[in-house]
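What follows is the content of model38.txt (compact mmCIF, C-alpha atoms).
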```txt
# COMPACT_ATOMS: atom_id res chain seq x y z
CA MET H 1 0.00 0.00 0.00
CA ARG H 2 2.82 2.35 0.85
CA ARG H 3 4.49 1.50 -2.49
CA VAL H 4 1.35 2.44 -4.41
CA THR H 5 1.05 5.71 -2.51
CA TRP H 6 4.70 6.49 -3.22
CA MET H 7 4.26 5.86 -6.96
CA VAL H 8 1.21 8.12 -7.10
CA ALA H 9 3.19 10.84 -5.37
CA VAL H 10 6.03 10.49 -7.89
CA VAL H 11 3.63 10.71 -10.82
CA MET H 12 2.03 13.85 -9.39
CA CYS H 13 5.42 15.46 -8.87
CA VAL H 14 6.46 14.71 -12.45
CA ALA H 15 3.18 16.20 -13.72
CA LEU H 16 3.75 19.36 -11.71
CA VAL H 17 7.30 19.68 -13.04
CA LEU H 18 6.13 19.25 -16.65
CA ALA H 19 3.35 21.79 -16.13
CA GLY H 20 5.88 24.22 -14.71
CA CYS H 21 8.02 23.74 -17.80
CA GLY H 22 5.10 24.67 -20.03
CA MET H 23 4.11 21.15 -21.15
CA GLY H 24 0.40 20.82 -21.79
CA LYS H 25 0.03 24.38 -23.12
CA LYS H 26 -1.35 24.78 -26.63
CA ASP H 27 1.11 25.49 -29.40
CA ALA H 28 0.51 27.45 -32.61
CA GLY H 29 -0.37 24.34 -34.61
CA SER H 30 -3.15 23.21 -32.27
CA ILE H 31 -4.58 26.73 -32.10
CA VAL H 32 -4.62 26.95 -35.89
CA LYS H 33 -6.55 23.65 -36.01
CA ASP H 34 -9.05 25.01 -33.48
CA LEU H 35 -9.34 28.22 -35.48
CA ASP H 36 -9.98 26.24 -38.65
CA HIS H 37 -12.71 24.34 -36.82
CA VAL H 38 -14.38 27.58 -35.69
CA MET H 39 -14.20 28.86 -39.28
CA GLY H 40 -15.79 25.67 -40.58
CA LYS H 41 -18.80 26.04 -38.30
CA SER H 42 -19.85 29.25 -40.12
CA SER H 43 -21.54 30.41 -36.95
CA SER H 44 -22.92 33.92 -36.70
CA TYR H 45 -21.17 36.67 -34.80
CA GLN H 46 -21.54 40.31 -33.86
CA ALA H 47 -18.71 42.64 -32.91
CA SER H 48 -18.06 46.27 -32.12
CA GLY H 49 -15.00 48.36 -31.43
CA SER H 50 -12.85 51.19 -32.69
CA MET H 51 -10.46 51.57 -35.59
CA ILE H 52 -7.61 54.08 -35.71
CA LEU H 53 -6.06 54.92 -39.07
CA ASN H 54 -2.59 56.40 -39.32
CA THR H 55 -2.55 56.33 -43.11
CA GLY H 56 -3.23 60.05 -43.58
CA GLN H 57 -1.76 63.30 -42.38
CA GLN H 58 -3.67 63.04 -39.08
CA PRO H 59 -4.85 59.95 -37.16
CA GLN H 60 -8.54 59.25 -37.74
CA GLU H 61 -10.76 57.20 -35.41
CA TYR H 62 -13.87 55.28 -36.44
CA GLN H 63 -16.45 53.22 -34.59
CA VAL H 64 -16.89 49.80 -36.19
CA GLU H 65 -19.83 47.40 -35.99
CA VAL H 66 -19.76 44.01 -37.71
CA ALA H 67 -22.48 41.38 -38.04
CA PHE H 68 -22.31 38.02 -39.85
CA SER H 69 -25.00 35.36 -40.32
CA PRO H 70 -24.66 31.67 -41.32
CA GLU H 71 -26.17 32.58 -44.70
CA HIS H 72 -22.99 34.59 -45.28
CA PHE H 73 -24.85 37.87 -44.95
CA TYR H 74 -22.82 40.81 -43.66
CA ARG H 75 -23.53 44.18 -42.12
CA ILE H 76 -20.61 46.54 -41.49
CA SER H 77 -21.06 50.02 -40.07
CA LEU H 78 -18.25 52.59 -40.07
CA THR H 79 -18.86 55.81 -38.15
CA ASN H 80 -16.47 58.75 -38.06
CA ALA H 81 -15.96 59.39 -34.35
CA THR H 82 -15.68 63.18 -34.71
CA LYS H 83 -18.09 63.88 -37.58
CA ASP H 84 -20.77 61.34 -36.58
CA VAL H 85 -21.10 60.24 -40.20
CA THR H 86 -21.95 56.59 -40.86
CA GLN H 87 -21.56 54.37 -43.91
CA ILE H 88 -23.00 50.86 -44.03
CA VAL H 89 -22.06 47.88 -46.17
CA LEU H 90 -24.63 45.11 -46.53
CA ARG H 91 -24.53 41.76 -48.20
CA ASN H 92 -27.74 39.77 -48.51
CA GLU H 93 -29.55 37.57 -51.03
CA GLU H 94 -30.11 40.55 -53.34
CA GLY H 95 -26.46 41.56 -53.66
CA VAL H 96 -24.11 44.02 -52.02
CA PHE H 97 -25.27 47.46 -50.89
CA VAL H 98 -23.20 50.48 -49.91
CA LEU H 99 -25.38 52.91 -47.96
CA THR H 100 -24.74 56.47 -46.86
CA PRO H 101 -27.92 57.00 -44.79
CA HIS H 102 -27.46 60.67 -43.89
CA LEU H 103 -27.22 61.49 -47.62
CA LYS H 104 -30.03 59.05 -48.47
CA LYS H 105 -27.59 57.59 -50.97
CA SER H 106 -27.34 53.90 -51.82
CA PHE H 107 -25.51 51.75 -54.34
CA ARG H 108 -26.31 48.17 -55.22
CA PHE H 109 -24.15 45.84 -57.30
CA GLN H 110 -23.25 42.20 -57.75
CA SER H 111 -19.98 41.06 -56.17
CA ASP H 112 -18.31 38.18 -54.35
CA TRP H 113 -17.29 40.58 -51.59
CA PRO H 114 -15.92 39.90 -49.07
CA GLU H 115 -14.97 36.37 -50.15
CA ASN H 116 -12.46 37.74 -52.66
CA GLN H 117 -11.02 40.44 -50.40
CA GLY H 118 -9.68 40.76 -46.90
CA GLN H 119 -11.01 43.23 -44.34
CA VAL H 120 -9.15 43.97 -41.13
CA TYR H 121 -12.33 43.97 -39.01
CA LEU H 122 -13.76 40.65 -40.29
CA PHE H 123 -13.14 37.46 -38.30
CA GLN H 124 -12.95 35.39 -41.51
CA SER H 125 -10.19 37.56 -42.98
CA LEU H 126 -8.11 37.43 -39.80
CA ALA H 127 -8.55 33.69 -39.33
CA LYS H 128 -7.67 32.94 -42.97
CA SER H 129 -4.49 35.01 -42.77
CA ILE H 130 -3.35 33.06 -39.70
CA ILE H 131 -4.18 29.68 -41.22
CA ALA H 132 -2.57 30.46 -44.58
CA ASP H 133 0.78 31.80 -43.29
CA ASN H 134 3.08 28.83 -42.67
CA ASP H 135 5.75 31.26 -41.46
CA ARG H 136 3.49 32.68 -38.77
CA GLN H 137 5.04 33.87 -35.53
CA PHE H 138 3.33 32.98 -32.27
CA THR H 139 3.42 34.11 -28.66
CA THR H 140 1.05 34.64 -25.73
CA ASP H 141 0.00 37.77 -23.90
CA LYS H 142 -2.03 37.40 -20.68
CA ASP H 143 -5.45 36.18 -21.87
CA ALA H 144 -4.61 36.21 -25.58
CA TYR H 145 -2.79 34.23 -28.23
CA VAL H 146 -0.80 36.58 -30.46
CA PHE H 147 -0.04 35.80 -34.11
CA ASP H 148 2.26 37.83 -36.34
CA VAL H 149 1.43 37.03 -39.97
CA ALA H 150 1.55 38.46 -43.47
CA ALA H 151 -1.17 40.97 -44.37
CA ASN H 152 -3.11 40.48 -47.57
CA TYR H 153 -5.12 43.61 -48.28
CA GLN H 154 -5.79 45.84 -51.28
CA ASN H 155 -3.55 48.55 -49.84
CA GLU H 156 -0.03 47.35 -50.61
CA GLN H 157 1.35 49.54 -47.84
CA LEU H 158 -0.04 47.04 -45.34
CA SER H 159 2.50 44.22 -45.14
CA ARG H 160 2.30 42.62 -41.65
CA GLN H 161 -0.31 42.26 -38.95
CA LYS H 162 -0.41 41.19 -35.31
CA ILE H 163 -3.64 39.56 -34.21
CA TRP H 164 -4.68 39.00 -30.59
CA LEU H 165 -7.14 36.11 -30.09
CA ASN H 166 -9.04 35.45 -26.90
CA LYS H 167 -7.67 32.24 -25.35
CA LYS H 168 -11.10 30.92 -24.43
CA THR H 169 -13.15 31.73 -27.54
CA LEU H 170 -10.53 32.54 -30.23
CA ALA H 171 -12.45 35.75 -30.93
CA PRO H 172 -10.24 38.63 -32.11
CA ALA H 173 -9.46 41.18 -29.41
CA GLN H 174 -7.03 43.49 -31.21
CA VAL H 175 -5.37 43.89 -34.60
CA GLN H 176 -2.36 45.99 -35.59
CA VAL H 177 -1.46 46.26 -39.27
CA SER H 178 1.97 47.67 -40.14
CA ASP H 179 3.95 48.73 -43.17
CA ALA H 180 7.33 47.35 -44.20
CA ASN H 181 9.02 49.67 -41.68
CA GLN H 182 6.89 48.31 -38.80
CA ASN H 183 4.88 51.51 -38.52
CA VAL H 184 1.35 50.70 -37.31
CA LEU H 185 -1.00 52.13 -39.94
CA VAL H 186 -4.26 50.50 -38.81
CA GLN H 187 -5.31 49.43 -35.32
CA VAL H 188 -8.60 47.77 -34.43
CA ASN H 189 -9.66 47.27 -30.82
CA PHE H 190 -12.70 45.03 -30.33
CA THR H 191 -14.63 45.99 -27.21
CA ASN H 192 -17.24 43.28 -27.79
CA PHE H 193 -17.29 40.06 -29.83
CA GLU H 194 -19.96 37.38 -29.53
CA PHE H 195 -20.43 34.18 -31.52
CA ASP H 196 -23.84 32.56 -32.22
CA THR H 197 -25.76 35.83 -32.31
CA LYS H 198 -29.44 35.81 -33.25
CA PHE H 199 -30.61 38.48 -35.71
CA ASP H 200 -34.04 39.78 -36.68
CA LYS H 201 -35.31 38.54 -40.02
CA ASP H 202 -34.81 41.92 -41.73
CA TYR H 203 -31.55 42.84 -39.99
CA PHE H 204 -29.52 42.61 -43.21
CA GLN H 205 -32.08 44.28 -45.47
CA MET H 206 -31.40 47.64 -47.08
CA GLU H 207 -34.79 49.13 -46.20
CA ARG H 208 -34.34 48.59 -42.47
CA ASN H 209 -30.90 50.14 -42.46
CA MET H 210 -32.17 53.29 -44.16
CA THR H 211 -35.41 53.59 -42.15
CA SER H 212 -33.98 55.69 -39.37
CA TRP H 213 -33.17 58.34 -41.95
CA ASN H 214 -36.77 58.33 -43.26
CA LEU H 215 -35.83 57.22 -46.74
CA GLN H 216 -39.10 56.21 -48.41
CA GLN H 217 -37.48 54.68 -51.47
CA THR H 218 -36.87 51.13 -52.63
CA MET H 219 -33.83 50.00 -54.53
CA PRO H 220 -34.39 49.76 -58.28
CA THR H 221 -33.15 46.72 -60.13
CA SER H 222 -30.50 47.04 -62.81
CA ALA H 223 -33.28 46.81 -65.39
CA ASP H 224 -35.19 49.71 -63.84
CA VAL H 225 -32.44 52.31 -63.67
CA ALA H 226 -30.30 54.09 -66.24
CA VAL H 227 -26.87 53.73 -64.73
CA SER H 228 -25.58 57.26 -65.12
CA ASP H 229 -22.90 56.52 -62.50
CA ALA H 230 -21.27 54.14 -64.95
CA ASP H 231 -21.11 56.86 -67.60
CA HIS H 232 -18.32 59.30 -67.05
CA PRO H 233 -15.57 61.51 -68.37
CA ALA H 234 -12.90 58.90 -69.00
CA ALA H 235 -9.32 59.89 -68.25
CA THR H 236 -7.70 57.88 -71.02
CA GLY H 237 -5.29 60.20 -72.75
CA ASP H 238 -6.98 61.34 -75.95
CA LYS H 239 -10.43 60.73 -74.48
CA SER H 240 -10.01 63.20 -71.62
CA VAL H 241 -12.91 65.59 -71.18
CA THR H 242 -12.35 69.20 -72.18
CA ASP H 243 -15.88 70.64 -72.03
CA LYS H 244 -16.51 72.65 -68.85
CA ASN H 245 -20.26 72.28 -69.14
CA LEU H 246 -20.27 68.48 -69.08
CA SER H 247 -23.72 66.97 -68.89
CA ALA H 248 -24.82 64.47 -66.28
CA THR H 249 -23.94 61.45 -68.41
CA GLY H 250 -20.43 62.74 -69.01
CA GLY H 251 -19.94 60.37 -71.94
CA GLN H 252 -21.77 57.63 -73.76
CA SER H 253 -25.09 56.47 -72.37
CA ASP H 254 -25.96 52.77 -72.22
CA GLN H 255 -28.23 53.24 -75.24
CA SER H 256 -25.65 55.06 -77.34
CA LYS H 257 -23.04 52.41 -76.57
CA ALA H 258 -25.42 49.75 -77.82
CA THR H 259 -26.08 51.59 -81.09
CA GLY H 260 -22.49 52.70 -81.61
CA THR H 261 -23.35 56.39 -81.44
CA THR H 262 -21.83 58.99 -79.15
CA THR H 263 -23.78 61.55 -77.13
CA LYS H 264 -21.84 64.79 -76.83
CA PRO H 265 -22.44 67.51 -74.25
CA ASP H 266 -24.47 70.45 -75.54
CA SER H 267 -21.88 73.23 -75.77
CA THR H 268 -24.63 75.79 -76.33
CA LYS H 269 -25.84 75.41 -72.75
CA THR H 270 -24.02 76.95 -69.86
CA ALA H 271 -24.00 75.33 -66.45
CA PRO H 272 -24.71 77.86 -63.71
CA ALA H 273 -22.65 75.76 -61.35
CA THR H 274 -19.83 78.11 -60.44
CA ALA H 275 -21.31 79.58 -57.28
CA LYS H 276 -22.61 76.25 -56.05
CA ALA H 277 -19.41 74.43 -56.95
CA GLN H 278 -17.38 76.92 -54.96
CA SER H 279 -19.59 76.25 -51.95
CA ILE H 280 -18.69 72.55 -52.23
CA GLY H 281 -15.07 73.27 -51.47
CA ILE H 282 -12.57 71.59 -53.76
CA VAL H 283 -10.77 68.70 -52.10
CA GLU H 284 -7.37 67.98 -53.61
CA PRO H 285 -5.56 64.74 -52.68
CA TYR H 286 -2.27 65.30 -50.87
CA TYR H 287 -0.76 62.30 -52.67
CA LEU H 288 -0.24 61.86 -56.41
CA PRO H 289 1.67 59.11 -58.24
CA LYS H 290 5.15 60.02 -59.42
CA ASP H 291 5.22 62.09 -62.62
CA VAL H 292 1.50 62.92 -62.37
CA VAL H 293 0.39 66.55 -62.11
CA LYS H 294 -2.90 68.42 -61.93
CA GLN H 295 -3.88 69.83 -65.30
CA ASP H 296 -6.97 71.92 -64.51
CA ILE H 297 -10.18 72.29 -62.52
CA SER H 298 -13.58 72.86 -64.16
CA ASP H 299 -17.11 73.50 -62.94
CA MET H 300 -19.75 71.09 -64.19
CA LYS H 301 -23.14 69.60 -63.32
CA LEU H 302 -24.25 66.06 -62.56
CA GLY H 303 -27.98 66.17 -63.13
CA GLU H 304 -29.19 69.00 -60.88
CA ASP H 305 -26.10 68.92 -58.68
CA ALA H 306 -23.22 71.37 -58.98
CA ALA H 307 -19.88 69.59 -59.23
CA VAL H 308 -16.22 70.14 -59.99
CA LEU H 309 -13.95 68.18 -62.31
CA LEU H 310 -10.23 67.85 -61.55
CA ARG H 311 -8.04 66.46 -64.35
CA TYR H 312 -4.61 64.91 -63.81
CA LYS H 313 -2.10 63.89 -66.48
CA GLY H 314 1.35 62.39 -66.74
CA LYS H 315 2.57 58.84 -66.25
CA TYR H 316 -1.07 58.02 -65.42
CA ASN H 317 -4.18 59.95 -66.44
CA PHE H 318 -7.29 60.27 -64.32
CA ASN H 319 -10.25 62.54 -63.63
CA LEU H 320 -11.77 63.23 -60.22
CA ILE H 321 -15.34 64.52 -59.86
CA GLU H 322 -16.58 65.96 -56.56
CA VAL H 323 -20.24 66.62 -55.83
CA ARG H 324 -22.62 66.97 -52.90
CA PRO H 325 -25.38 64.72 -54.22
CA GLN H 326 -29.10 64.74 -53.67
CA ALA H 327 -30.80 61.60 -52.34
CA LYS H 328 -30.48 58.85 -54.92
CA SER H 329 -30.55 55.07 -55.26
CA VAL H 330 -28.43 53.57 -58.02
CA SER H 331 -27.69 50.10 -59.32
CA LEU H 332 -24.19 49.54 -60.62
CA PRO H 333 -22.75 46.87 -62.92
CA PRO H 334 -20.66 44.05 -61.40
CA GLY H 335 -17.89 45.51 -59.26
CA ASP H 336 -15.97 45.26 -56.04
CA ILE H 337 -15.89 46.99 -52.72
CA VAL H 338 -12.63 48.81 -52.08
CA ASP H 339 -11.49 49.31 -48.51
CA LEU H 340 -10.24 52.88 -48.15
CA GLY H 341 -9.90 52.61 -44.40
CA PHE H 342 -11.97 55.68 -43.52
CA THR H 343 -14.78 54.49 -45.79
CA VAL H 344 -15.52 51.96 -48.49
CA GLY H 345 -15.67 52.61 -52.21
CA VAL H 346 -17.22 50.87 -55.20
CA MET H 347 -14.91 49.86 -58.08
CA THR H 348 -16.38 49.13 -61.50
CA GLY H 349 -14.84 48.70 -64.96
CA ASN H 350 -11.80 46.72 -66.03
CA GLY H 351 -9.33 49.55 -66.59
CA SER H 352 -9.32 49.47 -70.40
CA LYS H 353 -9.83 52.48 -72.65
CA ASP H 354 -13.26 51.17 -73.59
CA GLU H 355 -14.21 50.46 -69.97
CA PRO H 356 -12.17 52.67 -67.62
CA ARG H 357 -12.08 51.90 -63.94
CA THR H 358 -14.47 53.93 -61.83
CA LEU H 359 -13.93 54.31 -58.10
CA THR H 360 -16.81 55.95 -56.23
CA TRP H 361 -16.79 56.85 -52.54
CA THR H 362 -18.37 59.31 -50.12
CA ASN H 363 -16.65 61.24 -47.35
CA ASP H 364 -17.87 64.13 -45.20
CA GLY H 365 -20.90 64.74 -47.40
CA VAL H 366 -18.95 64.81 -50.67
CA GLU H 367 -19.25 62.09 -53.29
CA PHE H 368 -16.04 61.40 -55.21
CA ARG H 369 -15.77 59.64 -58.56
CA MET H 370 -12.38 58.77 -60.01
CA PHE H 371 -12.08 57.61 -63.62
CA THR H 372 -8.96 56.20 -65.25
CA GLY H 373 -7.99 53.96 -68.12
CA ASP H 374 -4.37 53.36 -67.16
CA MET H 375 -3.75 53.89 -63.43
CA PRO H 376 -3.20 50.74 -61.30
CA VAL H 377 -5.76 49.92 -58.62
CA ASN H 378 -3.25 50.40 -55.82
CA GLU H 379 -2.48 53.94 -57.00
CA MET H 380 -6.20 54.70 -57.22
CA ILE H 381 -6.58 53.59 -53.61
CA GLN H 382 -3.63 55.75 -52.54
CA VAL H 383 -5.10 58.82 -54.22
CA ALA H 384 -8.57 58.17 -52.80
CA MET H 385 -7.18 57.74 -49.28
CA ALA H 386 -5.30 61.02 -49.72
CA THR H 387 -8.60 62.95 -49.87
CA ASP H 388 -9.46 62.08 -46.25
CA GLY H 389 -8.92 64.89 -43.80
CA GLN H 390 -8.45 67.48 -46.56
CA SER H 391 -10.57 70.58 -46.16
CA GLY H 392 -12.24 72.01 -49.25
CA LYS H 393 -10.49 75.03 -50.76
```
In structure tokens, write the structure found in this file.
Amino acid sequence: MRRVTWMVAVVMCVALVLAGCGMGKKDAGSIVKDLDHVMGKSSSYQASGSMILNTGQQPQEYQVEVAFSPEHFYRISLTNATKDVTQIVLRNEEGVFVLTPHLKKSFRFQSDWPENQGQVYLFQSLAKSIIADNDRQFTTDKDAYVFDVAANYQNEQLSRQKIWLNKKTLAPAQVQVSDANQNVLVQVNFTNFEFDTKFDKDYFQMERNMTSWNLQQTMPTSADVAVSDADHPAATGDKSVTDKNLSATGGQSDQSKATGTTTKPDSTKTAPATAKAQSIGIVEPYYLPKDVVKQDISDMKLGEDAAVLLRYKGKYNFNLIEVRPQAKSVSLPPGDIVDLGFTVGVMTGNGSKDEPRTLTWTNDGVEFRMFTGDMPVNEMIQVAMATDGQSGK
């Protein structure tokens, strides 16, 4: 009996020694397997927190809300902490919507987003980046597992990211995304993250998310709307716009493209947009690609709205339209959501001379539209991000 008791005591001592040496703790491989299992469940979740961007001239803080359902529906809300301006991205059975409720402005288009793109505030994007990086670095920090992995985002400045996961639930607690010089450009702090959330039936519907702003409109289908947003002054060298009094279509309409005819602006009409355009305040990006310069600025109109047109030429050619739009719902052709950090944009077109890329986004009440036939997507993102925090002149 004494021998048995002695053996038990020895075994317990050995177990204590091994525990003290760290044996029995989870390693990176086992955590990745657990993370993969959580991903495979496709359970719903809801999260909230803050995001700080250091990509501009001044740090900008945003409140972030994220919701995901097993049907792969998404709702993402980004609110400027100082301006109290919110933009919402929805994905449901009807497509992808980008809503700017306070402007009563909405876009709808078909896209695989966010399956084909990473987003720093989405659990799926963070988990996939950890699982995919075989060179991941791993450590622990109090109640969190910490992974240092490669970043895979549209903005090529973002090269590495550190992700803190809750040890009990594997929910993200914090994310820091850095450039090649280890400067933290984006930081997300989750104050709340819950799996297996139950949502109301209409939680991911466009109408509900616009209701609080008293928008009594329904989204038209692509067959019901003339997509004037897809028609534009194309910045493609010889096709650059030179008419100050550009009409709302700004180029060929869908009908004229089909018939092979071209609709030209009526040069006999003058656009009384100068006074209104000046009240908009012209926002000029603080970043331009190398060997690209501003050519000129013109007043114009988009429908009933006064607008300004900024033209840039050089190594790349692009036009930038700025307007404070009236309430409008628009359907766009197939495109992608572009993460600009401070907001999200809609990218359409393939970048050819016949179908220039169009990047549309809204910030601080101004709608921006960038058109180019030769500028790379990454440069478009850099220019768009360089409009944030710029006061109108």
query = Could you work out how far CA of Phe195 (chain H) lies from CA of Asn166 (chain H), giving the answer in Å with one decimal?
reply =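 Spanning CA of Asn166 (chain H) to CA of Phe195 (chain H) is a straight-line distance of 12.4 Å.
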message = From the options H:Glu304, H:Asp148, H:Asp34, H:Glu94, which residue's atoms come nearest to Leu170 (chain H), counting all atoms listed in the file?
response =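 Of H:Glu304, H:Asp148, H:Asp34, H:Glu94, the one nearest Leu170 (chain H), counting all atoms listed in the file, is H:Asp34.
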request  = Just the residues within 12 Å of Phe147 (chain H), please, counting only C-alpha atoms, with nothing from its chain fewer than 5 positions along; format it as a PyMOL selection string.
outcome  = chain H and resi 27-29+31-32+126-127+129-131+133-141+160-166+170+172-177
How close does each residue of region 274-391 of chain H get to region 59-79 of chain H, giving the shortest atom pair and distance in Å to one decimal for every residue with an atom at most 12 Å away, counting only C-alpha atoms, sorted by chain and residue number, as CSV?
```
residue,atom,partner,partner_atom,distance
H:Asp339,CA,H:Leu78,CA,11.3
H:Leu340,CA,H:Leu78,CA,11.4
H:Gly341,CA,H:Tyr62,CA,9.3
H:Phe342,CA,H:Tyr62,CA,7.3
H:Thr343,CA,H:Leu78,CA,7.0
H:Val344,CA,H:Leu78,CA,8.9
H:Asn363,CA,H:Thr79,CA,10.9
H:Asp364,CA,H:Thr79,CA,11.0
H:Met385,CA,H:Gln60,CA,11.7
H:Asp388,CA,H:Gln60,CA,9.0
H:Gly389,CA,H:Gln60,CA,8.3
```
key: Sel. within 12 Å of pt (-8.9, 66.4, -48.4), counting only C-alpha atoms, output as a PyMOL selection string   = chain H and resi 56-58+281-287+322+362-364+366+368+383-393
task = Between CA of Phe204 (chain H) and CA of Thr358 (chain H), measure the distance and give it in Å to one decimal.
result = 26.5 Å
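The coordinates place CA of Val120 (chain H) at 26.5 Å from CA of Phe371 (chain H).
The residue that comes closest to Gln205 (chain H), out of H:Met300, H:Ala132, H:Ala151, H:Val89 and on the basis of all atoms listed in the file, is H:Val89.
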Closest-contact table, region 154-179 of chain H side, partner region 112-118 of chain H, 12 Å, counting all atoms listed in the file, as CSV:
```
residue,atom,partner,partner_atom,distance
H:Gln154,CA,H:Gln117,CA,7.6
H:Asn155,CA,H:Gly118,CA,10.3
H:Leu158,CA,H:Gly118,CA,11.6
```
note = Using all atoms listed in the file, the shortest atom-to-atom distance to Lys167 (chain H) among H:Lys198, H:Lys105, H:Lys290, H:Lys26 belongs to H:Lys26
